[in-house]
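Dropping input-v9.csv in here (CSV, C-alpha atoms):
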chain,number,residue,atom,x,y,z
T,1,THR,CA,106.1,89.9,96.3
T,2,GLU,CA,103.8,92.7,95.0
T,3,TYR,CA,100.5,90.8,95.6
T,4,ILE,CA,98.9,89.0,98.5
T,5,MET,CA,95.9,86.7,98.0
T,6,PRO,CA,92.5,87.9,99.1
T,7,GLY,CA,91.6,86.6,102.5
T,8,ALA,CA,95.2,85.6,103.2
T,9,PHE,CA,95.1,86.3,106.9
T,10,TYR,CA,91.3,86.0,107.4
T,11,TYR,CA,90.4,85.0,111.0
T,12,CYS,CA,94.0,84.9,112.2
T,13,ASN,CA,92.9,85.5,115.7
T,14,LYS,CA,96.3,85.6,117.3
T,15,LEU,CA,97.8,88.1,114.9
T,16,THR,CA,98.5,91.4,116.8
T,17,HIS,CA,100.9,93.5,114.6
T,18,VAL,CA,101.4,93.7,110.9
T,19,GLY,CA,103.8,95.7,108.7
T,20,ILE,CA,103.2,95.5,104.9
T,21,ASN,CA,106.3,95.6,102.7
T,22,GLU,CA,107.0,98.3,100.2
T,23,GLY,CA,106.0,97.2,96.8
T,24,ILE,CA,102.5,95.9,97.8
T,25,THR,CA,99.9,98.0,95.9
T,26,ASN,CA,96.6,96.6,97.4
T,27,ILE,CA,95.3,95.3,100.6
T,28,THR,CA,93.1,92.7,98.9
T,29,TYR,CA,89.6,91.5,99.6
T,30,ALA,CA,89.1,90.5,103.3
T,31,MET,CA,92.9,90.1,103.7
T,32,PHE,CA,92.8,90.8,107.4
T,33,ALA,CA,89.0,90.4,108.1
T,34,SER,CA,88.0,89.1,111.5
T,35,CYS,CA,91.6,89.3,113.0
T,36,ASP,CA,90.2,89.9,116.5
T,37,MET,CA,93.5,90.8,118.1
T,38,LEU,CA,95.1,92.9,115.4
T,39,ALA,CA,96.1,96.2,117.1
T,40,THR,CA,98.5,97.9,114.7
T,41,VAL,CA,99.1,97.8,111.0
T,42,GLY,CA,101.8,99.6,109.0
T,43,LEU,CA,100.9,100.4,105.4
T,44,PRO,CA,103.5,101.0,102.6
T,45,SER,CA,103.9,104.1,100.5
T,46,THR,CA,103.3,102.0,97.4
T,47,LEU,CA,99.7,101.2,98.4
T,48,ILE,CA,97.0,102.3,95.9
T,49,GLY,CA,93.9,100.6,97.2
T,50,ILE,CA,92.3,99.2,100.4
T,51,ASP,CA,89.9,96.7,99.0
T,52,ASP,CA,86.4,95.6,100.2
T,53,LEU,CA,86.3,94.0,103.7
T,54,ALA,CA,90.1,94.4,104.1
T,55,PHE,CA,90.0,95.0,107.9
T,56,GLN,CA,86.3,94.2,108.6
T,57,LEU,CA,85.7,93.1,112.1
T,58,CYS,CA,89.1,94.0,113.6
T,59,PRO,CA,87.9,95.3,117.0
T,60,SER,CA,91.3,95.7,118.5
T,61,LEU,CA,92.6,98.0,115.8
T,62,VAL,CA,93.2,101.4,117.4
T,63,THR,CA,94.8,103.6,114.8
T,64,VAL,CA,95.4,103.6,111.1
T,65,ASP,CA,97.5,105.9,108.9
T,66,ILE,CA,96.4,105.6,105.3
T,67,PRO,CA,99.2,106.7,103.0
T,68,ASP,CA,98.9,109.5,100.5
T,69,SER,CA,99.3,107.0,97.6
T,70,VAL,CA,96.0,105.3,98.3
T,71,LYS,CA,93.1,106.3,96.0
T,72,ARG,CA,90.3,104.1,97.2
T,73,ILE,CA,89.0,102.9,100.5
T,74,GLY,CA,86.7,100.0,99.7
T,75,ASP,CA,83.3,98.9,100.9
T,76,ASN,CA,83.3,97.6,104.4
T,77,ALA,CA,87.0,98.2,104.6
T,78,PHE,CA,87.0,99.0,108.4
T,79,TYR,CA,83.4,97.8,109.1
T,80,PHE,CA,82.8,97.3,112.8
T,81,CYS,CA,86.4,98.2,113.9
T,82,THR,CA,84.9,99.2,117.2
T,83,GLY,CA,88.2,100.0,118.9
T,84,LEU,CA,89.4,102.4,116.1
T,85,GLU,CA,90.1,105.8,117.7
T,86,SER,CA,92.1,107.5,115.1
T,87,VAL,CA,92.3,107.3,111.3
T,88,THR,CA,94.4,109.5,109.0
T,89,ILE,CA,93.0,109.5,105.5
T,90,GLY,CA,95.8,110.2,103.0
T,91,SER,CA,95.7,113.2,100.7
T,92,GLY,CA,95.4,111.0,97.6
T,93,VAL,CA,92.2,109.2,98.6
T,94,GLU,CA,89.3,109.9,96.1
T,95,THR,CA,86.5,107.6,97.2
T,96,ILE,CA,85.3,106.2,100.6
T,97,GLY,CA,83.2,103.1,100.0
T,98,GLU,CA,79.9,102.0,101.4
T,99,LEU,CA,80.0,101.0,105.1
T,100,ALA,CA,83.7,101.7,105.0
T,101,PHE,CA,83.8,102.9,108.7
T,102,TYR,CA,80.4,101.7,109.7
T,103,SER,CA,80.1,101.3,113.5
T,104,CYS,CA,83.6,102.4,114.3
T,105,THR,CA,82.2,103.4,117.6
T,106,SER,CA,85.4,104.8,119.2
T,107,LEU,CA,86.3,107.2,116.3
T,108,LYS,CA,86.3,110.8,117.6
T,109,ALA,CA,87.0,113.0,114.6
T,110,VAL,CA,87.7,112.6,110.8
T,111,LEU,CA,89.3,114.8,108.2
T,112,ILE,CA,88.2,114.1,104.7
T,113,PRO,CA,91.0,115.4,102.3
T,114,ASP,CA,90.4,117.6,99.2
T,115,LYS,CA,90.6,114.8,96.6
T,116,VAL,CA,87.7,112.8,98.1
T,117,TYR,CA,84.7,113.3,95.8
T,118,LEU,CA,82.6,110.4,97.1
T,119,ILE,CA,81.5,109.5,100.6
T,120,ASP,CA,79.4,106.5,99.8
T,121,ASN,CA,76.2,105.2,101.5
T,122,TYR,CA,76.5,104.4,105.2
T,123,SER,CA,80.2,105.2,105.3
T,124,PHE,CA,80.3,106.5,108.9
T,125,MET,CA,76.9,105.3,110.1
T,126,TYR,CA,76.8,104.4,113.8
T,127,CYS,CA,80.1,106.0,114.6
T,128,LEU,CA,78.7,106.8,118.0
T,129,ASP,CA,81.6,108.8,119.5
T,130,LEU,CA,82.2,110.9,116.3
T,131,GLU,CA,82.1,114.6,117.3
T,132,GLU,CA,83.6,116.4,114.4
T,133,VAL,CA,83.9,116.0,110.6
T,134,LYS,CA,85.9,118.2,108.2
T,135,ILE,CA,85.0,117.7,104.5
T,136,GLY,CA,87.5,118.9,101.9
T,137,GLN,CA,87.0,121.0,98.7
T,138,GLY,CA,86.5,118.1,96.2
T,139,ILE,CA,83.4,116.6,97.6
T,140,ALA,CA,80.7,115.9,95.0
T,141,TRP,CA,78.5,113.3,96.6
T,142,ILE,CA,77.5,112.3,100.1
T,143,GLY,CA,75.5,109.1,100.1
T,144,VAL,CA,72.5,107.6,101.9
T,145,ALA,CA,72.8,107.7,105.7
T,146,ALA,CA,76.6,108.5,105.4
T,147,PHE,CA,76.7,109.9,109.0
T,148,MET,CA,73.4,108.5,110.2
T,149,ARG,CA,73.1,107.8,114.0
T,150,CYS,CA,76.4,109.5,114.8
T,151,GLU,CA,74.9,110.4,118.1
T,152,SER,CA,77.8,112.6,119.4
T,153,LEU,CA,78.2,114.7,116.2
T,154,GLN,CA,78.5,118.4,117.0
T,155,HIS,CA,80.5,120.0,114.1
T,156,ILE,CA,80.6,119.6,110.4
T,157,TYR,CA,83.0,121.7,108.4
T,158,PHE,CA,82.6,122.2,104.6
T,159,TYR,CA,85.5,123.6,102.6
T,160,SER,CA,83.9,123.3,99.2
T,161,MET,CA,82.5,126.3,97.4
T,162,ALA,CA,79.8,124.3,95.8
T,163,VAL,CA,77.1,122.1,97.5
T,164,PRO,CA,77.5,118.4,96.7
T,165,THR,CA,74.6,116.0,96.1
T,166,ILE,CA,73.6,115.1,99.6
T,167,ASP,CA,71.1,112.3,100.5
T,168,ILE,CA,68.2,113.6,102.6
T,169,LEU,CA,69.0,111.0,105.4
T,170,TRP,CA,72.7,111.6,105.5
T,171,ILE,CA,72.6,112.9,109.1
T,172,GLU,CA,69.4,111.3,110.3
T,173,GLY,CA,69.5,110.5,114.0
T,174,THR,CA,72.2,112.9,114.9
T,175,PRO,CA,71.9,115.7,117.5
T,176,THR,CA,69.8,118.7,116.5
T,177,THR,CA,72.5,120.9,118.0
T,178,ILE,CA,75.0,120.2,115.2
T,179,THR,CA,76.7,123.4,113.9
T,180,GLY,CA,77.6,123.5,110.3
T,181,HIS,CA,80.7,125.6,109.3
T,182,ALA,CA,81.1,126.9,105.7
T,183,LYS,CA,82.8,129.7,103.8
T,184,THR,CA,80.6,132.8,103.8
T,185,SER,CA,80.9,133.0,100.0
T,186,SER,CA,79.7,129.5,99.4
T,187,ALA,CA,76.1,128.2,99.1
T,188,PHE,CA,76.3,126.0,102.3
T,189,PRO,CA,74.7,128.4,104.8
T,190,SER,CA,71.4,128.0,103.0
T,191,LEU,CA,71.7,124.5,101.8
T,192,GLY,CA,73.2,121.1,102.7
T,193,LEU,CA,72.1,120.4,106.3
T,194,ARG,CA,68.7,120.2,108.0
T,195,GLN,CA,67.0,123.6,108.4
T,196,SER,CA,67.5,123.7,112.2
T,197,THR,CA,71.3,123.5,111.9
T,198,LYS,CA,73.2,126.6,112.7
T,199,PHE,CA,75.9,127.8,110.3
T,200,THR,CA,79.0,129.9,111.0
T,201,SER,CA,81.9,131.1,108.8
T,202,ILE,CA,85.1,129.1,108.5
T,203,GLU,CA,87.1,131.7,106.6
T,204,THR,CA,89.8,131.8,109.3
T,205,THR,CA,89.6,128.2,110.5
T,206,PRO,CA,92.8,126.2,109.7
T,207,TYR,CA,91.9,123.3,107.3
T,208,ASP,CA,94.1,120.7,109.0
T,209,ALA,CA,93.4,121.6,112.6
T,210,LEU,CA,90.8,119.4,114.2
T,211,THR,CA,89.4,121.1,117.3
T,212,THR,CA,88.4,117.8,118.9
T,213,LEU,CA,91.4,116.1,120.4
T,214,ILE,CA,91.8,112.4,119.6
T,215,MET,CA,92.7,110.9,122.9
Is it possible to give me this structure as structure tokens?
Amino acid sequence: TEYIMPGAFYYCNKLTHVGINEGITNITYAMFASCDMLATVGLPSTLIGIDDLAFQLCPSLVTVDIPDSVKRIGDNAFYFCTGLESVTIGSGVETIGELAFYSCTSLKAVLIPDKVYLIDNYSFMYCLDLEEVKIGQGIAWIGVAAFMRCESLQHIYFYSMAVPTIDILWIEGTPTTITGHAKTSSAFPSLGLRQSTKFTSIETTPYDALTTLIM
């Protein structure tokens, strides 16, 4: 089969491990929502989209590798996955939906690849353990409260040469000690974060090397 019905495994609270067959193109609406014990999921290389609420309220999910074939991470896709410690966002992803990783309180670091142009409203809000974010060259829009109340956030790296549209509350409630890192030839040192944020150059920082270890 190439299609699984929306909500097919909703509230299957004894489901612990899932491997999705090659050929499946979408994790449909709320397919695995509220699967309390789901710890691991294997996603196929044919996947194009992770739809809204796909893994919402899966608190036992620890790690997710999103294939390079995926273009869209839907609204609330990993909402309140409080045990999620590591997520690899594939190089083909273009949009990260509203509340996509809201209250993923165990997530330590995130690398946003170059094709992502939209980080939507509240995407990473209340990721309380998030310490480091690297944002690729394609970003055009960072929405309302996208990283609001990320109370451990210390480093934000920008690899774009142009400043995206950034909502004024995007890092509200985060530490005043955040350091912003941007290319010296870009506009970021003078625009993009609150005025009190320090900026340093990233000309020699490897793009794919997160300095925060994901334990």
Quick one: residues within 7 Å of stretch 16-33 of chain T, only C-alpha atoms, excluding same-chain residues fewer than 6 positions away - as a PDB file with C-alpha atoms, in the coordinates of the input?
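Writing done, so here's part08.pdb:
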ATOM      1  CA  GLU T   2     103.800  92.700  95.000  1.00  0.00           C
ATOM      2  CA  TYR T   3     100.500  90.800  95.600  1.00  0.00           C
ATOM      3  CA  ILE T   4      98.900  89.000  98.500  1.00  0.00           C
ATOM      4  CA  MET T   5      95.900  86.700  98.000  1.00  0.00           C
ATOM      5  CA  PRO T   6      92.500  87.900  99.100  1.00  0.00           C
ATOM      6  CA  GLY T   7      91.600  86.600 102.500  1.00  0.00           C
ATOM      7  CA  ALA T   8      95.200  85.600 103.200  1.00  0.00           C
ATOM      8  CA  PHE T   9      95.100  86.300 106.900  1.00  0.00           C
ATOM      9  CA  TYR T  10      91.300  86.000 107.400  1.00  0.00           C
ATOM     10  CA  ALA T  39      96.100  96.200 117.100  1.00  0.00           C
ATOM     11  CA  THR T  40      98.500  97.900 114.700  1.00  0.00           C
ATOM     12  CA  VAL T  41      99.100  97.800 111.000  1.00  0.00           C
ATOM     13  CA  GLY T  42     101.800  99.600 109.000  1.00  0.00           C
ATOM     14  CA  LEU T  43     100.900 100.400 105.400  1.00  0.00           C
ATOM     15  CA  PRO T  44     103.500 101.000 102.600  1.00  0.00           C
ATOM     16  CA  SER T  45     103.900 104.100 100.500  1.00  0.00           C
ATOM     17  CA  THR T  46     103.300 102.000  97.400  1.00  0.00           C
ATOM     18  CA  LEU T  47      99.700 101.200  98.400  1.00  0.00           C
ATOM     19  CA  ILE T  48      97.000 102.300  95.900  1.00  0.00           C
ATOM     20  CA  GLY T  49      93.900 100.600  97.200  1.00  0.00           C
ATOM     21  CA  ILE T  50      92.300  99.200 100.400  1.00  0.00           C
ATOM     22  CA  ASP T  51      89.900  96.700  99.000  1.00  0.00           C
ATOM     23  CA  ASP T  52      86.400  95.600 100.200  1.00  0.00           C
ATOM     24  CA  LEU T  53      86.300  94.000 103.700  1.00  0.00           C
ATOM     25  CA  ALA T  54      90.100  94.400 104.100  1.00  0.00           C
ATOM     26  CA  PHE T  55      90.000  95.000 107.900  1.00  0.00           C
ATOM     27  CA  GLN T  56      86.300  94.200 108.600  1.00  0.00           C
ATOM     28  CA  LEU T  57      85.700  93.100 112.100  1.00  0.00           C
ATOM     29  CA  CYS T  58      89.100  94.000 113.600  1.00  0.00           C
TER      30      CYS T  58
END
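A straight line drawn from atom CA of T:Tyr159 to atom CA of T:Gly138 is 8.5 Å long.
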If I take atom CA of T:Trp170 and atom CA of T:Cys81, how far is one from the other in Å, to one decimal?
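About the pair atom CA of T:Trp170 and atom CA of T:Cys81: they are 20.9 Å apart.
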I'd like the neighbourhood of T:Leu128 as a ChimeraX atom specification, where a residue qualifies if any of its atoms comes within 8 Å (using all atoms listed in the file), though same-chain residues fewer than 6 positions away should be ignored.
/T:103-107,149-152
Leaving out T:Leu99 and any residue of its chain fewer than 2 positions from it, which residues lie within 6 Å of it when counting all atoms listed in the file, given as a count of residues only?
6
I'd like the interatomic distance between atom CA of T:Leu84 and atom CA of T:Cys35, to a tenth of an Å.
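Between these atoms lies a distance of 13.6 Å.
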Best match for closeness to T:Val133 among T:Phe158, T:Phe188, T:Phe80, T:Phe199, counting all atoms listed in the file:
T:Phe158
Find the residues around T:Ser160 up to 12 Å (only C-alpha atoms counted), leave out those fewer than 5 positions away in its own chain, and share them as a list in words.
Ile112, Pro113, Asp114, Lys115, Val116, Tyr117, Lys134, Ile135, Gly136, Gln137, Gly138, Ile139, Ala140, Trp141, His181, Ala182, Lys183, Thr184, Ser185, Ser186, Ala187, Phe188, Pro189, Gly192, Ile202, Glu203 and Tyr207 of chain T
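Omitting stretch 87-97 of chain T and its sequence neighbours fewer than 2 positions away, and counting all atoms listed in the file, the residues within 6 Å are Thr63, Val64, Asp65, Ile66, Pro67, Asp68, Ser69, Val70, Lys71, Arg72, Ile73, Gly74, Asp75, Ala100, Pro113, Lys115, Val116, Tyr117, Leu118, Ile119 and Asp120 of chain T.
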Nearest residue to T:Ser201 from the set T:Cys12, T:Ile156, T:Asn121, T:Ile171 (distances using only C-alpha atoms):
T:Ile156
Using all atoms listed in the file, can you tell me which of T:Ile168, T:Ala77, T:Met125, T:Leu130 comes closest to T:Phe147?
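So, comparing all the options, the nearest one is T:Met125.
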Rank T:Asp36, T:Tyr79, T:Leu153, T:Ile166 by their smallest atom-to-atom distance to T:Pro59, using only C-alpha atoms, and report the top residue only.
T:Asp36
Your completed stretch 20-45 of chain T with N, CA, C and O atoms, as an mmCIF file, keeping the file's coordinate frame:
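part.cif, freshly written:
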data_model
loop_
_atom_site.group_PDB
_atom_site.id
_atom_site.type_symbol
_atom_site.label_atom_id
_atom_site.label_comp_id
_atom_site.auth_asym_id
_atom_site.auth_seq_id
_atom_site.Cartn_x
_atom_site.Cartn_y
_atom_site.Cartn_z
ATOM 1 N N ILE T 20 103.275 95.882 106.346
ATOM 2 C CA ILE T 20 103.200 95.500 104.900
ATOM 3 C C ILE T 20 104.422 96.028 104.200
ATOM 4 O O ILE T 20 104.724 97.223 104.288
ATOM 5 N N ASN T 21 105.100 95.171 103.451
ATOM 6 C CA ASN T 21 106.300 95.600 102.700
ATOM 7 C C ASN T 21 106.055 96.572 101.636
ATOM 8 O O ASN T 21 104.987 96.562 101.003
ATOM 9 N N GLU T 22 107.038 97.417 101.388
ATOM 10 C CA GLU T 22 107.000 98.300 100.200
ATOM 11 C C GLU T 22 106.913 97.447 98.957
ATOM 12 O O GLU T 22 107.490 96.359 98.880
ATOM 13 N N GLY T 23 106.181 97.941 97.993
ATOM 14 C CA GLY T 23 106.000 97.200 96.800
ATOM 15 C C GLY T 23 104.544 96.665 96.644
ATOM 16 O O GLY T 23 104.024 96.498 95.543
ATOM 17 N N ILE T 24 103.921 96.391 97.789
ATOM 18 C CA ILE T 24 102.500 95.900 97.800
ATOM 19 C C ILE T 24 101.632 97.111 97.379
ATOM 20 O O ILE T 24 101.748 98.211 97.920
ATOM 21 N N THR T 25 100.719 96.875 96.426
ATOM 22 C CA THR T 25 99.900 98.000 95.900
ATOM 23 C C THR T 25 98.427 97.882 96.414
ATOM 24 O O THR T 25 97.715 98.879 96.336
ATOM 25 N N ASN T 26 98.011 96.709 96.898
ATOM 26 C CA ASN T 26 96.600 96.600 97.400
ATOM 27 C C ASN T 26 96.549 95.716 98.629
ATOM 28 O O ASN T 26 97.211 94.682 98.723
ATOM 29 N N ILE T 27 95.736 96.183 99.574
ATOM 30 C CA ILE T 27 95.300 95.300 100.600
ATOM 31 C C ILE T 27 94.044 94.631 100.052
ATOM 32 O O ILE T 27 93.003 95.264 99.869
ATOM 33 N N THR T 28 94.157 93.373 99.701
ATOM 34 C CA THR T 28 93.100 92.700 98.900
ATOM 35 C C THR T 28 91.897 92.349 99.738
ATOM 36 O O THR T 28 91.868 92.507 100.956
ATOM 37 N N TYR T 29 90.898 91.863 99.042
ATOM 38 C CA TYR T 29 89.600 91.500 99.600
ATOM 39 C C TYR T 29 89.720 90.704 100.875
ATOM 40 O O TYR T 29 90.305 89.615 100.854
ATOM 41 N N ALA T 30 89.191 91.215 101.986
ATOM 42 C CA ALA T 30 89.100 90.500 103.300
ATOM 43 C C ALA T 30 90.471 89.971 103.745
ATOM 44 O O ALA T 30 90.526 88.998 104.500
ATOM 45 N N MET T 31 91.545 90.641 103.360
ATOM 46 C CA MET T 31 92.900 90.100 103.700
ATOM 47 C C MET T 31 93.077 89.930 105.184
ATOM 48 O O MET T 31 93.640 88.933 105.626
ATOM 49 N N PHE T 32 92.596 90.901 105.989
ATOM 50 C CA PHE T 32 92.800 90.800 107.400
ATOM 51 C C PHE T 32 91.414 90.773 108.168
ATOM 52 O O PHE T 32 91.341 91.052 109.368
ATOM 53 N N ALA T 33 90.361 90.421 107.482
ATOM 54 C CA ALA T 33 89.000 90.400 108.100
ATOM 55 C C ALA T 33 88.969 89.453 109.270
ATOM 56 O O ALA T 33 89.555 88.369 109.242
ATOM 57 N N SER T 34 88.289 89.884 110.311
ATOM 58 C CA SER T 34 88.000 89.100 111.500
ATOM 59 C C SER T 34 89.324 88.660 112.233
ATOM 60 O O SER T 34 89.371 87.597 112.868
ATOM 61 N N CYS T 35 90.349 89.499 112.145
ATOM 62 C CA CYS T 35 91.600 89.300 113.000
ATOM 63 C C CYS T 35 91.306 89.999 114.294
ATOM 64 O O CYS T 35 91.614 91.187 114.459
ATOM 65 N N ASP T 36 90.748 89.277 115.234
ATOM 66 C CA ASP T 36 90.200 89.900 116.500
ATOM 67 C C ASP T 36 91.258 90.627 117.282
ATOM 68 O O ASP T 36 90.924 91.595 117.969
ATOM 69 N N MET T 37 92.515 90.180 117.247
ATOM 70 C CA MET T 37 93.500 90.800 118.100
ATOM 71 C C MET T 37 94.455 91.738 117.389
ATOM 72 O O MET T 37 95.374 92.286 117.996
ATOM 73 N N LEU T 38 94.224 91.997 116.114
ATOM 74 C CA LEU T 38 95.100 92.900 115.400
ATOM 75 C C LEU T 38 94.971 94.318 115.899
ATOM 76 O O LEU T 38 93.903 94.930 115.844
ATOM 77 N N ALA T 39 96.079 94.851 116.429
ATOM 78 C CA ALA T 39 96.100 96.200 117.100
ATOM 79 C C ALA T 39 96.740 97.239 116.266
ATOM 80 O O ALA T 39 96.340 98.409 116.322
ATOM 81 N N THR T 40 97.791 96.895 115.506
ATOM 82 C CA THR T 40 98.500 97.900 114.700
ATOM 83 C C THR T 40 98.808 97.335 113.336
ATOM 84 O O THR T 40 99.051 96.143 113.168
ATOM 85 N N VAL T 41 98.795 98.232 112.357
ATOM 86 C CA VAL T 41 99.100 97.800 111.000
ATOM 87 C C VAL T 41 99.936 98.976 110.352
ATOM 88 O O VAL T 41 99.567 100.148 110.484
ATOM 89 N N GLY T 42 101.037 98.626 109.707
ATOM 90 C CA GLY T 42 101.800 99.600 109.000
ATOM 91 C C GLY T 42 101.639 99.419 107.492
ATOM 92 O O GLY T 42 101.836 98.315 106.962
ATOM 93 N N LEU T 43 101.216 100.471 106.802
ATOM 94 C CA LEU T 43 100.900 100.400 105.400
ATOM 95 C C LEU T 43 101.998 101.065 104.557
ATOM 96 O O LEU T 43 102.491 102.133 104.928
ATOM 97 N N PRO T 44 102.387 100.490 103.407
ATOM 98 C CA PRO T 44 103.500 101.000 102.600
ATOM 99 C C PRO T 44 103.140 102.210 101.754
ATOM 100 O O PRO T 44 101.965 102.421 101.425
ATOM 101 N N SER T 45 104.131 102.957 101.346
ATOM 102 C CA SER T 45 103.900 104.100 100.500
ATOM 103 C C SER T 45 103.566 103.775 99.068
ATOM 104 O O SER T 45 103.216 104.650 98.275
#
